[in-house]
Structure formats: structure tokens, C-alpha cells
Amino acid sequence: MSAYPQPVRVRFWARVDRTTTPEGCWPWTGALSVGGYGRFTVDGRTRGSHVWALVLGGVAVPEGAVVRHLCGNPACCRPEHLSAEGGQRENNLDTVEHGRHRSAALDGRRVRAMRERYAEDRPPLADLASEHGVSESAVSAALTGRTWPRAGGPLKRSRKRTPDDGGRR
Ligand SMILES: [Zn+2]
């Protein structure tokens, strides 16, 4: 079991802003890395602050395991918003095709919401991409069902096959 001494936990949580609503995010207040993730070092070992949030709470997160943000906010350290590796079934597919970091913010629920919104408003893919913190290709793949095939929601049809569908208006 990974038992970290109290001072480490105190030092960690002092850098997290927990003044929020009951469901709100707990953002890391220290420096953020390029992807928007916090970093924290214990005994010379640097990992993402969201990873430490679980590890310091007694959750074993193996080296290289993916910790996903269910809230899509990379800086968030709230344990309830984090999922360690768990979402395997769907997440694997996603990871293989698009690389861990770009699609880490998606989960089945968000994909379904994205598909429903697209079916209604046809927002530009770039908008959806920035809203969800993923690449446009990840959005496109999710909308067409190439990834997350079982997440539900209306799928976007390929424009080439059905030229009459959705082009005008
Ligand atoms: Zn959050």
C-alpha cells in the first residue's frame, strides 16, 4: 500500500482550490503543463496533479495508467471527477486511434451529448473540439461513430455518400 506521510498530502491539497459548489471542479493552482495538467513532485517523482489526487487518497495508479477527467477539465483534482483507467472498453479504442492526451477529456456521456448537439445545431467541429478540449479529428471520429461506437446518440453521416443530406439551409 502506498502510504504517503501527512505533510505530503497537506502540501498537495494546499495547491488545490476546493472553494466551490458541491459538484464543481477543484482546479490545481500551481503551474500547469502544456496540456493544462498540473504537476506535482513527491520524493523526486513528478506526475500529474490529478494522478496524485488519487494516489494520495490511497488509489493505486500504476505507472503509465490513464487517469481520465470525467469533467473534461485537465487541471481538476477532485477525486470524484477522475477515473483511473476504468473506462477500458471504450477508452481503449479512443486511445489507440487518437493518442491519449487529445482524447482524454471524452467519455461516453460527453460523446452522446456532443452527437445530440451536432444533430440539432450543426456547430463547427472546431467549436466542439475546443469545448471538449480534444482535437477536431477526435470530434469527427466520435460524431461518425468510428470511436465510441456504443456511446449512443445520433451519428453524423458521411457527406460524400449522401450529398442531399444536410448540405443546405
Ligand atoms: Zn472537475
# chains A, B, ... in the order shown; residues from 1 in each chain; ligands from 1
call {"tool": "residues_near_ligand", "arguments": {"ligand": "ligand 1", "cutoff": "12 Å", "atoms": "only C-alpha atoms and all ligand atoms", "output": "ChimeraX atom specification"}}
result
/A:16-18,20-28,37,50,53,68-83,105
call {"tool": "select_by_dssp", "arguments": {"residues": "region 41-158 of chain A", "states": "strand (DSSP E)", "output": "list in words"}}
result
Thr41, Val42, Arg45, Thr46, Arg47, Gly48, Val67, Arg68, His69, Leu82, Ser83 and Ala84 of chain A
call {"tool": "residues_around", "arguments": {"residues": "Ala60 (chain A)", "least_positions_apart": "3", "cutoff": "10 Å", "atoms": "only C-alpha atoms", "output": "ChimeraX atom specification"}}
result
/A:1-2,51-52,54-57,63,65,84
call {"tool": "atom_distance", "arguments": {"atom1": "CA of Gly38 (chain A)", "atom2": "CA of Val134 (chain A)"}}
result
17.6 Å
call {"tool": "residues_around", "arguments": {"residues": "region 118-130 of chain A", "least_positions_apart": "6", "cutoff": "8 Å", "atoms": "only C-alpha atoms", "output": "JSON, numbers by chain"}}
result
{"A": [136, 138, 139, 140, 143, 154, 155, 156]}
call {"tool": "write_last_selection", "arguments": {"atoms": "C-alpha atoms", "output": "mmCIF file, in the first residue's frame"}}
result
data_model
loop_
_atom_site.group_PDB
_atom_site.id
_atom_site.type_symbol
_atom_site.label_atom_id
_atom_site.label_comp_id
_atom_site.auth_asym_id
_atom_site.auth_seq_id
_atom_site.Cartn_x
_atom_site.Cartn_y
_atom_site.Cartn_z
ATOM 1 C CA GLU A 136 -11.090 18.078 -34.416
ATOM 2 C CA ALA A 138 -11.261 13.180 -32.333
ATOM 3 C CA VAL A 139 -14.581 15.049 -32.607
ATOM 4 C CA SER A 140 -15.143 13.860 -36.153
ATOM 5 C CA LEU A 143 -19.528 12.009 -34.246
ATOM 6 C CA PRO A 154 -27.398 10.309 -33.438
ATOM 7 C CA LEU A 155 -24.417 9.630 -35.676
ATOM 8 C CA LYS A 156 -23.156 12.107 -38.220
#
call {"tool": "decode", "arguments": {"residues": "region 110-133 of chain A", "atoms": "C-alpha atoms", "output": "compact mmCIF listing (two decimals), in the first residue's frame"}}
result
# COMPACT_ATOMS: atom_id res chain seq x y z
CA ARG A 110 -19.90 13.59 -23.31
CA VAL A 111 -19.77 11.89 -26.68
CA ARG A 112 -23.51 11.33 -26.65
CA ALA A 113 -24.13 14.96 -25.67
CA MET A 114 -21.81 16.08 -28.45
CA ARG A 115 -23.70 13.96 -31.01
CA GLU A 116 -27.04 15.32 -29.90
CA ARG A 117 -25.83 18.88 -30.07
CA TYR A 118 -24.37 18.30 -33.51
CA ALA A 119 -27.60 16.76 -34.80
CA GLU A 120 -29.51 19.82 -33.62
CA ASP A 121 -27.32 22.81 -34.36
CA ARG A 122 -24.56 21.55 -36.68
CA PRO A 123 -21.93 23.61 -34.87
CA PRO A 124 -18.47 23.74 -36.49
CA LEU A 125 -16.32 20.81 -35.40
CA ALA A 126 -13.71 23.27 -34.23
CA ASP A 127 -16.18 24.64 -31.69
CA LEU A 128 -16.96 21.21 -30.33
CA ALA A 129 -13.25 20.41 -30.25
CA SER A 130 -12.40 23.43 -28.16
CA GLU A 131 -15.40 22.97 -25.89
CA HIS A 132 -14.32 19.46 -25.06
CA GLY A 133 -10.58 20.04 -25.16
